[in-house]
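Next up, model-v5.txt (compact mmCIF, C-alpha atoms and all ligand atoms):
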# COMPACT_ATOMS: atom_id res chain seq x y z
CA MET A 56 0.00 0.00 0.00
CA GLU A 57 2.77 2.45 0.90
CA LYS A 58 4.31 2.19 -2.59
CA GLU A 59 1.00 3.12 -4.19
CA ILE A 60 0.44 6.05 -1.83
CA ILE A 61 3.93 7.41 -2.51
CA SER A 62 3.31 7.20 -6.26
CA TRP A 63 -0.01 9.09 -5.88
CA ILE A 64 1.73 11.81 -3.85
CA TYR A 65 4.49 12.26 -6.43
CA GLU A 66 1.94 12.34 -9.24
CA ALA A 67 -0.23 14.87 -7.38
CA ALA A 68 2.87 16.99 -6.73
CA GLU A 69 3.83 16.95 -10.42
CA ARG A 70 0.38 18.29 -11.27
CA VAL A 71 0.70 21.03 -8.64
CA LYS A 72 4.17 22.02 -9.89
CA ALA A 73 3.03 22.01 -13.53
CA GLY A 74 0.36 24.60 -12.61
CA LEU A 75 2.54 26.84 -10.40
CA GLY A 76 2.62 29.62 -13.00
CA ASP A 77 -1.15 29.56 -13.58
CA ALA A 78 -3.66 31.97 -12.03
CA LEU A 79 -5.38 30.49 -8.98
CA LYS A 80 -9.07 30.54 -8.21
CA VAL A 81 -9.07 31.55 -4.54
CA ASP A 82 -12.09 31.49 -2.22
CA GLN A 83 -12.41 32.49 1.43
CA LYS A 84 -13.59 29.93 3.98
CA SER A 85 -14.00 31.30 7.54
CA GLY A 86 -12.29 34.64 6.77
CA ARG A 87 -9.79 36.77 4.84
CA THR A 88 -6.78 34.56 5.67
CA ASP A 89 -8.52 31.15 5.64
CA LEU A 90 -8.40 30.29 1.94
CA VAL A 91 -9.05 27.45 -0.45
CA THR A 92 -7.94 27.29 -4.09
CA ASN A 93 -8.88 25.22 -7.10
CA VAL A 94 -5.57 23.38 -6.57
CA ASP A 95 -6.57 22.27 -3.05
CA LYS A 96 -9.87 20.89 -4.38
CA GLU A 97 -8.36 19.31 -7.51
CA THR A 98 -5.50 17.70 -5.58
CA GLN A 99 -7.90 16.14 -3.08
CA ALA A 100 -10.17 14.89 -5.92
CA PHE A 101 -7.13 13.40 -7.69
CA ILE A 102 -5.92 11.55 -4.57
CA VAL A 103 -9.46 10.33 -3.80
CA SER A 104 -9.79 8.94 -7.35
CA LYS A 105 -6.57 6.93 -6.80
CA ILE A 106 -7.77 5.66 -3.41
CA THR A 107 -11.17 4.62 -4.75
CA ALA A 108 -9.58 2.66 -7.62
CA PHE A 109 -7.17 0.99 -5.17
CA ASP A 110 -9.65 0.22 -2.37
CA PRO A 111 -13.32 0.94 -3.17
CA ALA A 112 -14.36 0.17 0.45
CA ALA A 113 -12.00 2.72 2.01
CA LYS A 114 -13.46 5.87 3.59
CA ILE A 115 -12.16 9.39 3.11
CA LEU A 116 -11.66 12.17 5.66
CA GLY A 117 -10.41 15.17 3.70
CA GLU A 118 -10.31 18.90 4.37
CA GLU A 119 -12.01 19.94 1.12
CA ASN A 120 -14.90 18.91 -1.14
CA GLY A 121 -17.37 18.29 1.72
CA GLN A 122 -15.49 15.22 2.98
CA ASP A 123 -14.50 16.69 6.35
CA GLN A 124 -16.87 14.86 8.73
CA THR A 125 -15.91 11.16 8.36
CA PRO A 126 -15.08 9.39 11.65
CA ILE A 127 -11.74 7.55 11.65
CA ASP A 128 -12.60 4.68 13.98
CA GLN A 129 -14.16 2.11 11.63
CA GLY A 130 -12.55 0.29 8.73
CA ARG A 131 -9.79 1.81 6.62
CA VAL A 132 -9.88 5.59 6.50
CA PHE A 133 -7.58 7.76 4.37
CA VAL A 134 -7.08 11.22 5.90
CA ILE A 135 -6.10 13.84 3.32
CA ASP A 136 -4.85 17.40 3.56
CA PRO A 137 -4.33 18.08 -0.16
CA ILE A 138 -2.47 21.37 0.32
CA ASP A 139 -1.31 22.10 3.86
CA GLY A 140 -0.25 25.73 4.11
CA THR A 141 -2.71 27.14 1.58
CA LEU A 142 -1.93 30.75 2.48
CA ASN A 143 1.78 30.06 1.86
CA PHE A 144 0.85 28.34 -1.41
CA VAL A 145 -1.14 31.39 -2.53
CA MET A 146 1.37 34.03 -1.38
CA GLN A 147 4.71 32.21 -1.77
CA ARG A 148 4.15 29.19 -4.05
CA GLU A 149 6.37 27.32 -1.56
CA ASN A 150 6.31 26.18 2.08
CA PHE A 151 3.31 23.89 1.60
CA CYS A 152 2.86 20.12 1.86
CA ILE A 153 0.68 17.29 0.67
CA MET A 154 -0.36 15.04 3.59
CA ILE A 155 -2.01 11.61 3.68
CA ALA A 156 -2.59 9.28 6.64
CA VAL A 157 -4.08 5.78 6.84
CA TYR A 158 -6.11 4.64 9.87
CA GLU A 159 -7.38 1.11 10.37
CA ASN A 160 -10.18 0.81 12.96
CA GLY A 161 -8.95 4.01 14.59
CA VAL A 162 -5.27 3.04 14.70
CA GLY A 163 -2.83 5.16 12.69
CA GLN A 164 -0.83 2.85 10.39
CA LEU A 165 0.92 5.13 7.91
CA GLY A 166 1.62 8.85 7.59
CA PHE A 167 3.04 10.82 4.64
CA ILE A 168 4.09 14.47 4.52
CA TYR A 169 5.56 15.71 1.24
CA ASP A 170 7.22 19.12 0.99
CA VAL A 171 6.57 19.55 -2.72
CA ILE A 172 9.06 22.31 -3.56
CA ARG A 173 11.95 20.94 -1.46
CA ASP A 174 11.19 17.40 -2.69
CA GLU A 175 11.31 16.01 0.86
CA LEU A 176 9.06 13.07 1.69
CA PHE A 177 8.62 11.95 5.30
CA TRP A 178 6.66 8.74 5.67
CA GLY A 179 6.21 5.70 7.87
CA GLY A 180 4.37 4.30 10.87
CA PRO A 181 3.46 0.96 12.48
CA LYS A 182 2.66 -0.67 9.12
CA VAL A 183 6.36 -0.49 8.19
CA GLY A 184 7.78 -0.14 11.73
CA LYS A 185 9.96 2.81 10.71
CA VAL A 186 9.97 6.44 9.55
CA PHE A 187 11.78 7.44 6.38
CA TYR A 188 13.12 10.75 5.07
CA ASN A 189 13.03 10.03 1.33
CA ASN A 190 14.82 6.64 1.25
CA GLU A 191 16.75 7.06 4.49
CA GLU A 192 15.53 5.68 7.81
CA LEU A 193 15.04 8.46 10.35
CA SER A 194 16.33 8.02 13.93
CA PRO A 195 14.44 9.63 16.83
CA PRO A 196 15.62 13.19 17.46
CA GLU A 197 17.58 14.16 20.56
CA ASN A 198 15.35 14.63 23.62
CA ARG A 199 16.05 18.33 24.04
CA SER A 200 14.35 20.58 26.63
CA LEU A 201 12.66 23.98 26.18
CA GLY A 202 15.86 25.95 26.68
CA GLU A 203 17.71 23.96 24.02
CA GLY A 204 15.75 24.60 20.84
CA LEU A 205 13.23 26.41 18.65
CA ILE A 206 9.47 25.95 18.99
CA GLY A 207 6.82 26.35 16.29
CA MET A 208 3.57 28.13 17.11
CA ASN A 209 0.39 29.42 15.61
CA LEU A 210 0.72 33.22 15.79
CA ALA A 211 -2.79 33.83 17.19
CA LEU A 212 -2.09 31.53 20.17
CA TYR A 213 1.14 33.35 20.86
CA ARG A 214 -0.36 36.84 20.44
CA LYS A 215 -3.30 36.08 22.75
CA ASN A 216 -1.07 34.09 25.14
CA ILE A 217 -3.44 31.13 25.15
CA ASN A 218 -2.37 28.31 27.51
CA HIS A 219 0.80 30.25 28.49
CA ALA A 220 2.08 30.28 24.90
CA GLN A 221 4.23 33.39 25.53
CA GLU A 222 5.80 32.09 28.75
CA ILE A 223 6.53 28.77 27.02
CA GLY A 224 8.00 30.57 24.00
CA ASN A 225 10.15 32.80 26.20
CA GLN A 226 11.90 29.76 27.71
CA THR A 227 12.98 28.46 24.28
CA MET A 228 15.79 29.66 21.98
CA GLY A 229 13.09 31.21 19.77
CA VAL A 230 9.57 30.95 18.37
CA ARG A 231 8.97 30.13 14.70
CA VAL A 232 5.76 30.71 12.75
CA LEU A 233 5.94 28.65 9.55
CA GLY A 234 2.25 28.80 8.54
CA CYS A 235 2.21 25.12 7.64
CA ALA A 236 1.50 22.42 10.24
CA GLY A 237 3.16 19.76 8.06
CA LEU A 238 6.45 21.69 8.02
CA ASP A 239 6.34 22.15 11.80
CA LEU A 240 5.74 18.42 12.33
CA ILE A 241 8.56 17.58 9.89
CA ALA A 242 10.80 19.89 11.95
CA ILE A 243 10.01 17.91 15.12
CA LEU A 244 10.73 14.60 13.33
CA LYS A 245 14.06 15.95 12.04
CA GLY A 246 14.95 17.55 15.39
CA THR A 247 15.17 21.10 14.05
CA GLN A 248 12.31 22.16 16.36
CA ILE A 249 11.63 20.87 19.87
CA GLY A 250 7.86 21.28 19.55
CA TYR A 251 4.81 22.77 17.88
CA ILE A 252 1.75 24.35 19.52
CA SER A 253 -1.28 25.18 17.39
CA MET A 254 -5.02 24.90 16.75
CA LEU A 255 -5.47 22.00 14.34
CA SER A 256 -8.02 19.78 12.63
CA PRO A 257 -7.52 16.00 12.20
CA TRP A 258 -6.05 16.27 8.68
CA ASP A 259 -3.46 18.76 9.99
CA TYR A 260 -2.00 16.37 12.58
CA ALA A 261 -2.96 12.85 11.34
CA ALA A 262 0.11 12.03 9.22
CA GLY A 263 2.61 13.81 11.47
CA SER A 264 1.31 12.28 14.69
CA ILE A 265 1.55 8.73 13.30
CA MET A 266 5.23 9.31 12.48
CA MET A 267 5.89 11.07 15.82
CA LYS A 268 4.41 8.11 17.69
CA GLN A 269 6.61 5.73 15.70
CA LEU A 270 9.67 7.71 16.86
CA GLY A 271 8.47 7.88 20.50
CA LEU A 272 7.53 11.57 20.36
CA PRO A 273 4.45 12.60 22.40
CA PHE A 274 1.49 14.72 21.24
CA SER A 275 -1.76 15.67 22.98
CA GLY A 276 -4.49 18.22 23.57
CA ALA A 277 -4.11 21.19 25.96
CA GLU A 278 -4.33 19.21 29.22
CA GLY A 279 -2.37 16.20 28.02
CA GLN A 280 -5.51 14.37 26.89
CA PRO A 281 -5.67 12.39 23.61
CA LEU A 282 -6.69 14.33 20.49
CA SER A 283 -10.37 13.97 19.58
CA PHE A 284 -10.11 13.70 15.77
CA GLN A 285 -13.26 15.83 15.70
CA GLY A 286 -13.11 19.47 14.74
CA ARG A 287 -10.36 21.98 15.43
CA GLU A 288 -8.57 21.71 18.77
CA PHE A 289 -5.49 22.75 20.70
CA PHE A 290 -2.49 20.61 19.71
CA ILE A 291 0.90 20.14 21.38
CA GLY A 292 3.57 17.94 19.82
CA ALA A 293 7.09 17.93 21.24
CA THR A 294 10.08 16.03 22.53
CA SER A 295 9.30 14.08 25.74
CA ALA A 296 11.33 16.57 27.77
CA VAL A 297 9.44 19.58 26.38
CA MET A 298 6.07 17.87 26.79
CA ASN A 299 6.84 17.22 30.48
CA GLN A 300 7.94 20.83 30.96
CA ILE A 301 4.80 22.20 29.30
CA GLN A 302 2.49 19.98 31.38
CA ALA A 303 4.31 20.88 34.62
CA PHE A 304 4.26 24.56 33.64
CA ASP A 305 0.48 24.46 33.08
CA LYS A 306 -0.07 22.92 36.54
CA GLU A 307 2.22 25.46 38.26
CA LYS A 308 0.49 28.45 36.76
CA HIS A 309 -3.13 27.36 37.24
P1 LIG A 401 -4.25 24.65 5.84
O1 LIG A 401 -3.34 25.53 5.14
O2 LIG A 401 -4.37 23.26 5.29
O3 LIG A 401 -5.62 25.25 6.08
C1 LIG A 401 -1.43 27.69 9.41
O4 LIG A 401 -1.14 28.24 10.65
C2 LIG A 401 -1.52 26.18 9.56
O5 LIG A 401 -2.69 25.89 10.36
C3 LIG A 401 -1.71 25.46 8.27
O6 LIG A 401 -1.14 24.17 8.39
C4 LIG A 401 -3.22 25.41 8.14
O7 LIG A 401 -3.65 24.35 7.31
C5 LIG A 401 -3.64 25.17 9.57
N1 LIG A 401 -4.99 25.61 9.89
C6 LIG A 401 -5.89 24.85 10.56
N2 LIG A 401 -7.03 25.53 10.68
C7 LIG A 401 -6.88 26.74 10.08
C8 LIG A 401 -7.73 27.89 9.89
N3 LIG A 401 -9.00 27.94 10.33
N4 LIG A 401 -7.23 28.96 9.23
C9 LIG A 401 -5.97 28.93 8.76
N5 LIG A 401 -5.14 27.87 8.93
C10 LIG A 401 -5.57 26.79 9.58
CA CA A 402 -7.51 25.19 4.97
CA CA A 403 -3.77 21.84 6.99
CA CA A 404 -5.29 22.20 3.54

Kindly present the structure from the file in structure tokens form.
Amino acid sequence: MEKEIISWIYEAAERVKAGLGDALKVDQKSGRTDLVTNVDKETQAFIVSKITAFDPAAKILGEENGQDQTPIDQGRVFVIDPIDGTLNFVMQRENFCIMIAVYENGVGQLGFIYDVIRDELFWGGPKVGKVFYNNEELSPPENRSLGEGLIGMNLALYRKNINHAQEIGNQTMGVRVLGCAGLDLIAILKGTQIGYISMLSPWDYAAGSIMMKQLGLPFSGAEGQPLSFQGREFFIGATSAVMNQIQAFDKEKH
């Protein structure tokens, strides 16, 4: 299955790259900065057509095209974020990813994050027992603490200091705002960021969390509880050391 999924991702990416010079059809979703383009919708439809030909019984949970309500707990469910970082895609034509995850009866089996412009594919999970960066097996990153690295954050959380985001950020070497959840989760897998704090929907964290789990990296909701896979929610993913510090910090300050 993983070989097929990788081939769909590369084919989808070729289509996206072939259209990079074309005018986009851009629509607003919840507001001025929450956008969807024809490329988001077409990329999801393309991936869904490949999935349906491969496994007609599989279910789809995808951000676009009205497929965003499917539960992940029964049968095989493909979770798709066709373009993660749409605002970057529109404004920069880079710093966006294609993400796919596979759940079987609620258990994450495979995750894929592809940084299209940098040609960097991160993929793996329990189904293959490993995580790969292109063809190279990835080792777990160093278990660094807050003071020893950079943290990724959603800017609104930081600005409004939700769940002590500013105090947490101030203990790190620096806060980064990449505008693309997939890139932040890749950074944790690679060890170039010690964590990521954001407000995310299931398709934003599905692929990345499967690979994090495979490498022994924790992720959770605001109070350390499991993610709900329903709607948008507070997300923390980090090294074990940083996760412990954030949880202890929350208890101290309450
Ligand atoms: P998207 O580009 O697929 O929508 C931007 O901070 C990151 O958060 C992106 O990965 C973006 O995914 C995600 N995100 C989740 N919900 C969002 C929302 N309502 N508005 C903008 N970005 C959102
Ligand atoms: Ca979106
Ligand atoms: Ca997304
Ligand atoms: Ca998206």

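Among the candidate residues A:Gln248, A:Asn143, A:Asn299, A:Thr98, the one lying nearest to Gly74 of chain A is A:Thr98, with distances computed using only C-alpha atoms.
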
Checklist line | Counting all atoms listed in the file, the option among A:Ile155, A:Ile106, A:Leu142, A:Val186 closest to ligand CA 402 (chain A) | finding: A:Leu142

With 9 Å as the cut-off and all atoms listed in the file counted, what is the closest atom pair between each nearby residue of chain A and ligand CA 402 (chain A)? Distances in Å to one decimal, ordered by chain and number, as JSON lines.
{"residue": "A:Lys84", "atom": "CA", "partner": "A:CA402", "partner_atom": "CA", "distance": 7.8}
{"residue": "A:Asp89", "atom": "CA", "partner": "A:CA402", "partner_atom": "CA", "distance": 6.1}
{"residue": "A:Leu90", "atom": "CA", "partner": "A:CA402", "partner_atom": "CA", "distance": 6.0}
{"residue": "A:Val91", "atom": "CA", "partner": "A:CA402", "partner_atom": "CA", "distance": 6.1}
{"residue": "A:Asp95", "atom": "CA", "partner": "A:CA402", "partner_atom": "CA", "distance": 8.6}
{"residue": "A:Glu118", "atom": "CA", "partner": "A:CA402", "partner_atom": "CA", "distance": 6.9}
{"residue": "A:Glu119", "atom": "CA", "partner": "A:CA402", "partner_atom": "CA", "distance": 7.9}
{"residue": "A:Asp136", "atom": "CA", "partner": "A:CA402", "partner_atom": "CA", "distance": 8.4}
{"residue": "A:Ile138", "atom": "CA", "partner": "A:CA402", "partner_atom": "CA", "distance": 7.8}
{"residue": "A:Asp139", "atom": "CA", "partner": "A:CA402", "partner_atom": "CA", "distance": 7.0}
{"residue": "A:Gly140", "atom": "CA", "partner": "A:CA402", "partner_atom": "CA", "distance": 7.3}
{"residue": "A:Thr141", "atom": "CA", "partner": "A:CA402", "partner_atom": "CA", "distance": 6.2}
{"residue": "A:Leu142", "atom": "CA", "partner": "A:CA402", "partner_atom": "CA", "distance": 8.3}

Checklist line | Distance in Å - atom CA of Arg199 of chain A versus atom CA of Val297 of chain A | finding: 7.1 Å

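Residue nearest ligand CA 403 (chain A) within the list A:Ala220, A:Ala277, A:Ala242, A:Ile168: A:Ile168 [criterion: smallest interatomic distance, all atoms listed in the file].
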
Item checked: Nearest-residue call for ligand CA 403 (chain A), choices A:Asp259, A:Glu66, A:Asp170, A:Glu222, using all atoms listed in the file -> A:Asp259

Notebook entry, point to check: Can you tell me, as number ranges by chain, what residues are no more than 10 Å from Ala67 of chain A when counting all atoms listed in the file, ignoring any on the same chain fewer than 6 positions away?
Noted result: A: 61, 73, 97-99, 101-102, 137, 153, 171

Output for the residues just chosen: C-alpha atoms as a CSV table (one decimal), in the frame of the given file:
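And here is the file that came out, again.csv:
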chain,number,residue,atom,x,y,z
A,61,ILE,CA,3.9,7.4,-2.5
A,73,ALA,CA,3.0,22.0,-13.5
A,97,GLU,CA,-8.4,19.3,-7.5
A,98,THR,CA,-5.5,17.7,-5.6
A,99,GLN,CA,-7.9,16.1,-3.1
A,101,PHE,CA,-7.1,13.4,-7.7
A,102,ILE,CA,-5.9,11.6,-4.6
A,137,PRO,CA,-4.3,18.1,-0.2
A,153,ILE,CA,0.7,17.3,0.7
A,171,VAL,CA,6.6,19.6,-2.7

Next item on the list: Show which residues sit within 8 Å of Tyr188 of chain A, as a VMD selection string. Count all atoms listed in the file, and ignore same-chain residues fewer than 2 positions away.
Entry: chain A and resid 175 to 178 186 190 to 193

For ligand LIG 401 (chain A), I'd like the enclosing box, axis-aligned and padded by 3 Å on every side, reported as lines of an AutoDock Vina configuration file with centre and edge lengths in Å to one decimal.
center_x = -5.1
center_y = 26.1
center_z = 7.9
size_x = 13.9
size_y = 11.7
size_z = 11.5

Margin query: Just checking: using all atoms listed in the file, which residue out of A:Val183, A:Glu307, A:Gly271, A:Met154 ends up closest to Leu238 of chain A?
Written below: A:Met154

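Note that atom CA of Ile249 of chain A and atom O6 of ligand LIG 401 (chain A) are 17.5 Å apart.
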